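Chemist: Got a file for you: run.csv, CSV, C-alpha atoms.
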```csv
chain,number,residue,atom,x,y,z
A,63,MET,CA,-22.9,-0.3,24.6
A,64,ARG,CA,-21.3,3.1,25.0
A,65,ARG,CA,-21.4,3.0,28.8
A,66,ALA,CA,-20.1,-0.6,28.9
A,67,ALA,CA,-17.2,0.3,26.6
A,68,ALA,CA,-16.3,3.4,28.6
A,69,PHE,CA,-16.5,1.4,31.8
A,70,ALA,CA,-14.3,-1.3,30.6
A,71,PHE,CA,-11.7,1.2,29.5
A,72,VAL,CA,-11.7,3.0,32.8
A,73,LEU,CA,-11.6,-0.3,34.7
A,74,GLY,CA,-8.5,-1.4,32.8
A,75,CYS,CA,-6.8,1.9,33.6
A,76,ALA,CA,-7.8,1.5,37.2
A,77,LEU,CA,-6.3,-1.9,37.4
A,78,LEU,CA,-3.0,-0.5,36.1
A,79,SER,CA,-3.1,2.4,38.6
A,80,MET,CA,-3.5,-0.2,41.4
A,81,GLY,CA,-0.3,-2.0,40.3
A,82,ALA,CA,-1.9,-4.9,38.5
A,83,GLN,CA,0.8,-7.2,37.1
A,84,ARG,CA,1.3,-7.9,33.4
A,85,PRO,CA,0.2,-11.5,32.5
A,86,ASP,CA,2.6,-13.8,30.8
A,87,GLY,CA,2.5,-14.5,27.1
A,88,LEU,CA,1.3,-11.1,25.8
A,89,ASP,CA,2.8,-9.1,22.9
A,90,ASP,CA,3.9,-5.5,23.1
A,91,VAL,CA,3.1,-2.3,21.1
A,92,VAL,CA,6.3,-1.4,19.3
A,93,GLU,CA,5.3,1.8,17.6
A,94,VAL,CA,2.3,3.9,16.4
A,95,ARG,CA,2.7,5.6,13.0
A,96,HIS,CA,0.3,7.8,11.1
A,97,TRP,CA,0.1,9.6,7.7
A,98,SER,CA,-2.3,12.5,7.1
A,99,TYR,CA,-3.4,13.7,3.7
A,100,PRO,CA,-6.4,15.6,2.4
A,101,ASP,CA,-9.5,13.5,2.9
A,102,TYR,CA,-7.6,10.5,4.3
A,103,THR,CA,-5.5,9.4,7.4
A,104,ARG,CA,-3.8,6.0,7.9
A,105,VAL,CA,-2.9,4.8,11.4
A,106,VAL,CA,-0.6,1.8,11.9
A,107,VAL,CA,0.0,0.1,15.2
A,108,GLU,CA,3.0,-2.3,15.1
A,109,THR,CA,3.1,-5.1,17.7
A,110,THR,CA,5.7,-7.8,18.5
A,111,GLY,CA,3.2,-10.5,17.6
A,112,PRO,CA,-0.2,-10.9,15.9
A,113,ALA,CA,-3.0,-9.1,17.6
A,114,SER,CA,-6.4,-10.8,17.9
A,115,ILE,CA,-9.1,-8.5,16.6
A,116,GLN,CA,-11.8,-9.3,19.1
A,117,THR,CA,-14.6,-7.3,17.5
A,118,SER,CA,-15.1,-5.2,14.4
A,119,VAL,CA,-14.3,-1.5,14.7
A,120,ARG,CA,-17.1,0.2,16.7
A,121,HIS,CA,-18.3,3.7,15.9
A,122,LEU,CA,-19.5,5.9,18.7
A,123,PRO,CA,-21.2,9.3,18.1
A,124,ALA,CA,-20.1,12.4,19.9
A,125,ASP,CA,-21.3,12.8,23.5
A,126,PRO,CA,-21.3,16.6,24.3
A,127,LYS,CA,-22.5,16.1,27.9
A,128,ALA,CA,-19.5,13.9,28.6
A,129,HIS,CA,-17.2,16.1,26.4
A,130,ARG,CA,-16.3,13.1,24.3
A,131,PRO,CA,-15.8,13.5,20.5
A,132,GLU,CA,-17.1,11.1,17.9
A,133,ARG,CA,-14.7,8.1,17.9
A,134,LEU,CA,-13.8,4.7,16.6
A,135,TYR,CA,-12.4,1.9,18.8
A,136,VAL,CA,-11.2,-1.7,18.4
A,137,ASP,CA,-9.9,-4.2,20.9
A,138,LEU,CA,-6.6,-5.9,20.2
A,139,GLY,CA,-6.4,-9.2,22.1
A,140,GLY,CA,-3.2,-10.6,23.4
A,141,VAL,CA,-1.5,-7.2,23.4
A,142,TRP,CA,0.0,-5.3,26.4
A,143,VAL,CA,0.5,-1.5,26.2
A,144,GLY,CA,0.4,-0.6,29.9
A,145,ARG,CA,0.3,3.2,30.5
A,146,ARG,CA,2.6,4.1,27.6
A,147,PHE,CA,0.0,5.9,25.4
A,148,LEU,CA,-2.5,7.0,28.0
A,149,SER,CA,-1.9,10.6,27.3
A,150,GLY,CA,-2.6,10.0,23.6
A,151,ILE,CA,-1.0,11.0,20.3
A,152,PRO,CA,-2.4,14.3,19.1
A,153,LEU,CA,-3.0,14.6,15.4
A,154,GLY,CA,-5.4,17.5,14.8
A,155,ASP,CA,-5.2,16.9,11.0
A,156,GLY,CA,-8.9,17.7,10.3
A,157,LEU,CA,-10.0,14.1,10.4
A,158,LEU,CA,-8.5,12.8,13.6
A,159,GLN,CA,-8.1,14.7,16.9
A,160,GLY,CA,-5.8,12.0,18.1
A,161,VAL,CA,-5.0,8.4,18.8
A,162,ARG,CA,-5.2,6.7,22.2
A,163,LEU,CA,-4.2,3.2,23.4
A,164,GLY,CA,-5.0,1.9,26.8
A,165,GLN,CA,-5.1,-1.4,28.7
A,166,ASN,CA,-8.8,-2.2,28.4
A,167,THR,CA,-8.3,-5.5,30.3
A,168,LEU,CA,-5.2,-7.3,31.4
A,169,GLN,CA,-5.4,-9.3,28.2
A,170,THR,CA,-6.6,-6.6,25.8
A,171,THR,CA,-5.4,-3.3,24.5
A,172,ARG,CA,-8.0,-0.8,23.2
A,173,LEU,CA,-7.2,1.4,20.2
A,174,VAL,CA,-9.3,4.6,20.1
A,175,LEU,CA,-9.4,7.1,17.3
A,176,ASP,CA,-10.9,10.5,18.3
A,177,LEU,CA,-12.6,11.9,15.2
A,178,GLU,CA,-13.2,15.4,13.8
A,179,HIS,CA,-14.7,14.6,10.4
A,180,TYR,CA,-15.6,11.1,9.4
A,181,GLU,CA,-17.3,9.3,6.5
A,182,ARG,CA,-16.0,5.7,6.5
A,183,HIS,CA,-13.1,3.5,7.6
A,184,ARG,CA,-11.5,0.2,6.9
A,185,LEU,CA,-9.3,-2.1,9.1
A,186,PHE,CA,-6.9,-4.9,8.2
A,187,THR,CA,-4.0,-6.7,9.7
A,188,LEU,CA,-0.5,-7.3,8.2
A,189,LYS,CA,2.3,-9.6,9.2
A,190,HIS,CA,6.1,-9.5,9.1
A,191,PRO,CA,6.1,-7.3,11.1
A,192,ASP,CA,2.7,-7.6,12.7
A,193,ARG,CA,0.6,-4.5,12.6
A,194,VAL,CA,-3.0,-3.3,12.6
A,195,VAL,CA,-3.9,-0.7,10.0
A,196,VAL,CA,-6.9,1.6,10.2
A,197,ASP,CA,-7.8,3.9,7.3
A,198,VAL,CA,-10.1,6.9,8.0
A,199,TYR,CA,-11.8,8.8,5.1
A,200,GLY,CA,-13.6,12.1,5.2
A,201,ARG,CA,-13.6,15.6,3.8
A,202,ARG,CA,-11.8,18.0,6.1
A,203,ASP,CA,-13.6,20.9,4.6
A,204,ARG,CA,-17.2,19.8,4.5
A,205,SER,CA,-18.1,22.9,2.3
A,206,GLN,CA,-16.3,21.2,-0.6
A,207,SER,CA,-18.4,19.0,-2.8
A,208,SER,CA,-17.2,15.6,-3.6
A,209,LEU,CA,-15.9,14.8,-7.1
A,210,PRO,CA,-18.4,12.8,-9.1
A,211,GLU,CA,-15.6,10.7,-10.7
A,212,LEU,CA,-14.6,9.3,-7.3
A,213,ASP,CA,-17.8,7.3,-7.2
A,214,LEU,CA,-17.2,5.7,-10.6
A,215,ALA,CA,-15.7,2.3,-11.1
A,216,PRO,CA,-11.9,2.4,-11.8
A,217,GLY,CA,-12.5,1.5,-15.5
A,218,GLU,CA,-15.0,4.3,-15.9
A,219,ARG,CA,-12.8,7.1,-14.6
A,220,SER,CA,-10.4,9.1,-16.7
A,221,ALA,CA,-6.8,7.9,-16.1
A,222,ARG,CA,-5.2,11.2,-15.2
A,223,THR,CA,-3.3,10.8,-12.0
A,224,VAL,CA,-0.5,8.2,-11.7
A,225,VAL,CA,1.6,7.3,-8.7
A,226,ILE,CA,5.0,5.9,-9.5
A,227,ASP,CA,6.6,3.8,-6.9
A,228,ALA,CA,10.3,3.2,-7.2
A,229,GLY,CA,10.7,-0.1,-5.3
A,230,HIS,CA,12.9,-0.5,-2.2
A,231,GLY,CA,15.3,2.4,-1.1
A,232,GLY,CA,17.3,3.5,1.8
A,233,ARG,CA,18.1,0.6,4.2
A,234,ASP,CA,16.4,-1.8,1.7
A,235,PRO,CA,18.6,-2.2,-1.4
A,236,GLY,CA,16.4,-4.8,-3.0
A,237,ALA,CA,18.1,-7.3,-5.2
A,238,ILE,CA,21.9,-7.0,-5.6
A,239,GLY,CA,23.1,-8.3,-8.9
A,240,VAL,CA,26.1,-8.7,-11.1
A,241,GLY,CA,28.7,-6.0,-10.5
A,242,GLY,CA,27.0,-5.0,-7.3
A,243,THR,CA,24.1,-3.3,-9.1
A,244,ARG,CA,21.4,-2.5,-6.6
A,245,GLU,CA,17.7,-2.7,-7.4
A,246,LYS,CA,16.9,0.5,-5.4
A,247,HIS,CA,19.1,2.6,-7.7
A,248,VAL,CA,17.7,1.1,-10.9
A,249,THR,CA,14.1,1.6,-9.9
A,250,LEU,CA,14.6,5.2,-9.0
A,251,LYS,CA,16.2,6.0,-12.4
A,252,ILE,CA,13.4,4.3,-14.3
A,253,ALA,CA,10.8,6.1,-12.1
A,254,GLU,CA,12.2,9.5,-12.7
A,255,ALA,CA,12.4,8.9,-16.5
A,256,LEU,CA,8.8,7.5,-16.5
A,257,GLY,CA,7.6,10.6,-14.6
A,258,ARG,CA,9.1,13.0,-17.2
A,259,LYS,CA,7.5,11.0,-20.1
A,260,LEU,CA,4.1,10.9,-18.5
A,261,GLU,CA,4.1,14.6,-17.7
A,262,VAL,CA,4.8,15.3,-21.4
A,263,ARG,CA,1.7,13.2,-22.2
A,264,GLY,CA,-0.5,15.2,-19.9
A,265,PHE,CA,-0.6,12.9,-16.8
A,266,GLU,CA,-0.4,14.3,-13.3
A,267,VAL,CA,2.5,12.4,-11.7
A,268,LEU,CA,3.2,11.7,-8.0
A,269,PHE,CA,6.2,9.7,-6.6
A,270,THR,CA,6.5,7.6,-3.5
A,271,ARG,CA,10.1,8.5,-3.3
A,272,ARG,CA,12.5,10.7,-5.3
A,273,ASP,CA,15.7,9.9,-3.5
A,274,ASP,CA,17.4,7.1,-1.7
A,275,ARG,CA,15.3,6.8,1.4
A,276,THR,CA,13.5,4.1,3.3
A,277,ILE,CA,9.8,4.1,2.9
A,278,SER,CA,7.3,1.6,4.3
A,279,LEU,CA,4.8,-0.3,2.2
A,280,GLU,CA,2.0,1.4,4.2
A,281,GLU,CA,3.3,4.9,3.3
A,282,ARG,CA,3.8,4.1,-0.4
A,283,THR,CA,0.2,3.2,-0.8
A,284,ALA,CA,-1.1,5.9,1.5
A,285,ILE,CA,0.3,8.4,-1.0
A,286,ALA,CA,-1.7,6.8,-3.8
A,287,GLU,CA,-4.9,6.5,-1.6
A,288,ALA,CA,-4.6,10.1,-0.4
A,289,ALA,CA,-4.1,11.4,-4.0
A,290,ARG,CA,-7.1,9.6,-5.2
A,291,ALA,CA,-4.8,8.3,-7.9
A,292,ASP,CA,-6.2,6.6,-11.0
A,293,LEU,CA,-3.2,4.3,-11.5
A,294,PHE,CA,-0.4,2.9,-9.3
A,295,ILE,CA,2.8,1.7,-11.0
A,296,SER,CA,5.5,-0.1,-8.9
A,297,ILE,CA,8.9,-0.4,-10.6
A,298,HIS,CA,11.2,-3.3,-9.6
A,299,ALA,CA,14.1,-5.4,-10.9
A,300,ASN,CA,14.2,-9.2,-10.6
A,301,ALA,CA,16.6,-11.8,-9.3
A,302,SER,CA,17.1,-15.5,-9.6
A,303,PRO,CA,19.5,-18.2,-8.3
A,304,ARG,CA,19.9,-19.2,-11.9
A,305,ARG,CA,22.1,-16.7,-13.7
A,306,SER,CA,20.7,-17.7,-17.1
A,307,THR,CA,17.2,-16.6,-16.2
A,308,HIS,CA,16.3,-13.3,-17.9
A,309,GLY,CA,13.3,-11.4,-19.2
A,310,ILE,CA,10.6,-8.8,-18.4
A,311,GLU,CA,7.3,-9.5,-16.7
A,312,THR,CA,4.4,-7.5,-15.3
A,313,TYR,CA,2.2,-8.4,-12.4
A,314,TYR,CA,-1.2,-7.4,-11.2
A,315,LEU,CA,-3.0,-8.2,-7.9
A,316,ASP,CA,-5.2,-11.2,-7.5
A,317,LYS,CA,-6.2,-13.5,-4.7
A,318,ASP,CA,-5.1,-16.5,-6.9
A,319,HIS,CA,-1.5,-16.9,-8.0
A,320,GLN,CA,0.8,-18.8,-10.2
A,321,ARG,CA,3.6,-20.9,-8.6
A,322,HIS,CA,6.4,-18.7,-9.9
A,323,SER,CA,4.8,-15.5,-8.6
A,324,LEU,CA,5.0,-16.7,-5.0
A,325,THR,CA,8.8,-16.5,-5.1
A,326,VAL,CA,8.7,-13.0,-6.6
A,327,ALA,CA,6.0,-11.8,-4.2
A,328,ALA,CA,8.0,-13.1,-1.2
A,329,ARG,CA,11.1,-11.2,-2.2
A,330,GLU,CA,9.3,-8.0,-3.0
A,331,ASN,CA,7.2,-8.2,0.1
A,332,GLY,CA,10.3,-8.8,2.2
A,333,ILE,CA,9.0,-12.1,3.7
A,334,ARG,CA,9.7,-15.8,3.4
A,335,ARG,CA,8.0,-17.8,0.6
A,336,ASP,CA,6.0,-19.8,3.2
A,337,GLN,CA,4.7,-16.6,4.7
A,338,VAL,CA,2.9,-15.5,1.5
A,339,ASP,CA,-0.2,-17.5,2.7
A,340,ASP,CA,-0.7,-14.9,5.4
A,341,LEU,CA,-1.1,-12.3,2.7
A,342,GLN,CA,-3.5,-14.6,0.8
A,343,ARG,CA,-5.8,-14.7,3.8
A,344,THR,CA,-5.6,-10.9,4.2
A,345,LEU,CA,-6.5,-10.4,0.5
A,346,SER,CA,-9.6,-12.6,1.0
A,347,GLN,CA,-11.0,-9.9,3.2
A,348,PHE,CA,-11.1,-7.4,0.3
A,349,ARG,CA,-13.1,-7.2,-2.9
A,350,VAL,CA,-9.9,-7.6,-5.0
A,351,ALA,CA,-11.9,-9.0,-7.9
A,352,GLU,CA,-13.6,-5.7,-8.5
A,353,ILE,CA,-10.4,-4.1,-9.5
A,354,SER,CA,-8.2,-7.0,-10.8
A,355,GLY,CA,-9.8,-6.9,-14.2
A,356,TYR,CA,-8.7,-3.3,-14.8
A,357,SER,CA,-5.3,-4.0,-13.4
A,358,GLU,CA,-4.9,-7.0,-15.7
A,359,ARG,CA,-5.8,-4.9,-18.7
A,360,LEU,CA,-3.3,-2.2,-17.6
A,361,ALA,CA,-0.6,-4.9,-17.1
A,362,SER,CA,-1.2,-6.4,-20.5
A,363,LEU,CA,-0.9,-3.0,-22.3
A,364,VAL,CA,2.3,-2.1,-20.4
A,365,GLN,CA,3.9,-5.5,-21.0
A,366,GLU,CA,3.1,-5.3,-24.7
A,367,GLU,CA,4.5,-1.8,-25.1
A,368,ILE,CA,7.7,-2.5,-23.2
A,369,VAL,CA,8.5,-5.7,-25.1
A,370,GLY,CA,7.5,-4.3,-28.5
A,371,GLY,CA,8.9,-0.8,-28.0
A,372,LEU,CA,12.5,-1.6,-27.1
A,373,PRO,CA,15.1,-1.0,-29.8
A,374,SER,CA,15.7,-4.0,-32.1
A,375,LYS,CA,19.3,-4.3,-30.9
A,376,TYR,CA,18.0,-5.7,-27.6
A,377,THR,CA,16.8,-9.3,-27.5
A,378,VAL,CA,14.0,-9.4,-24.9
A,379,ASN,CA,12.6,-12.5,-23.3
A,380,ASP,CA,8.8,-11.8,-22.9
A,381,LEU,CA,7.8,-13.5,-19.6
A,382,GLY,CA,4.3,-12.2,-19.9
A,383,VAL,CA,1.7,-11.0,-17.5
A,384,LYS,CA,1.2,-12.8,-14.2
A,385,LYS,CA,-1.0,-12.4,-11.1
A,386,GLY,CA,0.1,-12.6,-7.5
A,387,PRO,CA,-0.1,-11.4,-3.9
A,388,PHE,CA,1.9,-8.2,-3.5
A,389,TYR,CA,1.5,-6.0,-0.4
A,390,VAL,CA,2.3,-2.8,-2.3
A,391,LEU,CA,-0.5,-3.5,-4.8
A,392,PHE,CA,-3.4,-4.2,-2.4
A,393,LEU,CA,-3.1,-1.4,0.1
A,394,SER,CA,-4.7,1.1,-2.3
A,395,ASP,CA,-8.1,1.0,-4.1
A,396,THR,CA,-6.9,1.7,-7.6
A,397,PRO,CA,-5.7,-0.3,-10.6
A,398,ALA,CA,-2.1,-1.2,-9.8
A,399,ILE,CA,0.7,-3.2,-11.4
A,400,LEU,CA,4.2,-4.2,-10.6
A,401,VAL,CA,6.8,-4.2,-13.4
A,402,GLU,CA,9.8,-6.4,-13.1
A,403,THR,CA,12.1,-4.7,-15.6
A,404,GLY,CA,14.8,-7.5,-15.9
A,405,PHE,CA,17.1,-9.8,-13.9
A,406,LEU,CA,20.0,-8.2,-12.1
A,407,THR,CA,21.5,-11.6,-11.6
A,408,ASN,CA,21.8,-12.1,-15.4
A,409,ARG,CA,25.0,-10.6,-16.7
A,410,THR,CA,23.5,-9.2,-19.9
A,411,GLU,CA,20.4,-7.7,-18.3
A,412,ALA,CA,22.4,-6.3,-15.3
A,413,LYS,CA,24.6,-4.4,-17.8
A,414,ARG,CA,21.5,-3.1,-19.6
A,415,LEU,CA,20.0,-1.9,-16.3
A,416,ARG,CA,23.1,0.1,-15.6
A,417,ASP,CA,22.7,1.9,-19.0
A,418,ASP,CA,20.7,5.1,-18.8
A,419,SER,CA,19.6,4.9,-22.5
A,420,TYR,CA,18.1,1.5,-21.9
A,421,LEU,CA,16.4,2.6,-18.7
A,422,ASP,CA,14.9,5.5,-20.7
A,423,ALA,CA,13.6,3.1,-23.4
A,424,LEU,CA,12.0,0.9,-20.6
A,425,ALA,CA,10.3,4.0,-19.2
A,426,GLY,CA,9.1,4.9,-22.7
A,427,GLY,CA,7.4,1.5,-23.1
A,428,ILE,CA,5.7,1.8,-19.7
A,429,ALA,CA,4.5,5.3,-20.6
A,430,SER,CA,3.1,4.1,-23.9
A,431,GLY,CA,1.2,1.4,-22.1
A,432,LEU,CA,-0.3,3.8,-19.7
A,433,SER,CA,-1.3,6.1,-22.6
A,434,ARG,CA,-3.1,3.2,-24.3
A,435,TYR,CA,-4.9,2.4,-21.1
A,436,ARG,CA,-6.0,6.0,-20.8
A,437,GLU,CA,-7.3,6.0,-24.3
A,438,ALA,CA,-9.2,2.8,-23.8
A,439,THR,CA,-10.9,4.0,-20.6
A,440,SER,CA,-11.7,7.4,-22.1
A,441,THR,CA,-13.4,5.6,-25.0
A,442,VAL,CA,-15.5,3.5,-22.6
A,443,ALA,CA,-16.4,6.6,-20.5
A,444,GLN,CA,-17.5,8.5,-23.6
A,445,ARG,CA,-19.5,5.6,-25.0
A,446,ASP,CA,-21.3,5.1,-21.6
A,447,ALA,CA,-22.1,8.9,-21.4
A,448,SER,CA,-23.6,9.0,-24.8
```
Could you spell out this file's structure in structure tokens?

Modeler:
Amino acid sequence: MRRAAAFAFVLGCALLSMGAQRPDGLDDVVEVRHWSYPDYTRVVVETTGPASIQTSVRHLPADPKAHRPERLYVDLGGVWVGRRFLSGIPLGDGLLQGVRLGQNTLQTTRLVLDLEHYERHRLFTLKHPDRVVVDVYGRRDRSQSSLPELDLAPGERSARTVVIDAGHGGRDPGAIGVGGTREKHVTLKIAEALGRKLEVRGFEVLFTRRDDRTISLEERTAIAEAARADLFISIHANASPRRSTHGIETYYLDKDHQRHSLTVAARENGIRRDQVDDLQRTLSQFRVAEISGYSERLASLVQEEIVGGLPSKYTVNDLGVKKGPFYVLFLSDTPAILVETGFLTNRTEAKRLRDDSYLDALAGGIASGLSRYREATSTVAQRDAS
């Protein structure tokens, strides 16, 4: 198998060197992106169309005689890369030496990850835009012992580390509501207030962004994955063509969905409503059910504390807890929720979402919900340990 794989790769490169013509109908590699964190690296290959994953990721041990490192490779059918990445993309981050792409055959591009340290990996594809994502996990310093808590189920771990995701940002304003209020500004203010309140409560807090910048969905969840976060909270503000629609709702990830959630998911995912089915198929590849129960409990507590904790002068429409397919929730293996803090298209709620004191009250409700979840999981952990 190793010799055949190497021979095919060399043969493809030889065909290119002899001036072989590109076949019609192939898609191109647009860009290769990567993010490196302790114990985790994510590689994303964006293409102009959907790549056909012809085989599962293959793992090859190091071959000292041939001076080849340990590596992973996968073939992307229907993709043309030519000679663009033959020299490779050096990483040297302790997990990956580098990334290479080559024309394995005239119809297939091969993605090769040269490894330094390796424990496991996962691969999935995303659409709009089309990309292939490979996550590689391992301990860069093998002298370090792994943390026992990382092997526990999400509900059995102490909820200490929280990643707060302020939705949208930079070139992506999110919803634009009454008075020109932009979702990206509202979410950032709530995220900052929430972070301060959680730190007072003893949580370790990380942010996906702390300023007005563009950040991809892959990078948002790579931060959570790399931090081994216990909880992931994505903050958003809603929109509706009906200006009378108002209220607060909280979502958790599930392969199933409710009809209303498809519209919200499409907007927050940045895709058309009829394209959400693609995400449904992607979700079916993962064991979402293992974590959705913890996420549902978290969503319920947060929703309850937001609605019940706001000052009495605010009349709040409790839209409840819903489940749905959100990109930003499934790219990390941790309990995760998405909070829609109100409708910017509703005149009353848009005014509230421009009021710093109201945003602070919203953040307080979310923080109280997270604290209740931490208390609940700590009680379970103590009971199981006794």

Chemist: Using only C-alpha atoms, which protein or nucleic acid residues come within 6 Å of region 379-386 of chain A? Drop anything in the same chain fewer than 4 positions from it, and give the result as a list in words.

Modeler: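 Result of the neighbour search: Gly309, Ile310, Glu311, Thr312, Tyr313, Tyr314, Leu315, Asp316, His319 and Ser323 of chain A.
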
Chemist: Report, in Å with one decimal, the straight-line distance from CA of Thr407 (chain A) to CA of Gly427 (chain A).

Modeler: 22.4 Å

Chemist: Nearest to Thr171 (chain A): which of A:Glu287, A:Glu330, A:Asp137, A:Glu411 is it, counting all atoms listed in the file?

Modeler: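 Selected residue with least distance to Thr171 (chain A): A:Asp137.
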
Chemist: Just the residues within 9 Å of region 428-435 of chain A, please, counting only C-alpha atoms, with nothing from its chain fewer than 5 positions along; format it as a PyMOL selection string.

Modeler: chain A and resi 221+256-257+259-260+263+265+293+359-368+371+401+423+440

Chemist: Between CA of Ile285 (chain A) and CA of Thr270 (chain A), measure the distance and give it in Å to one decimal.

Modeler: 6.7 Å

Chemist: What is the CA of Leu424 (chain A)-CA of Gly264 (chain A) distance in Å, reported with one decimal?

Modeler: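 These atoms are spaced 19.0 Å apart.
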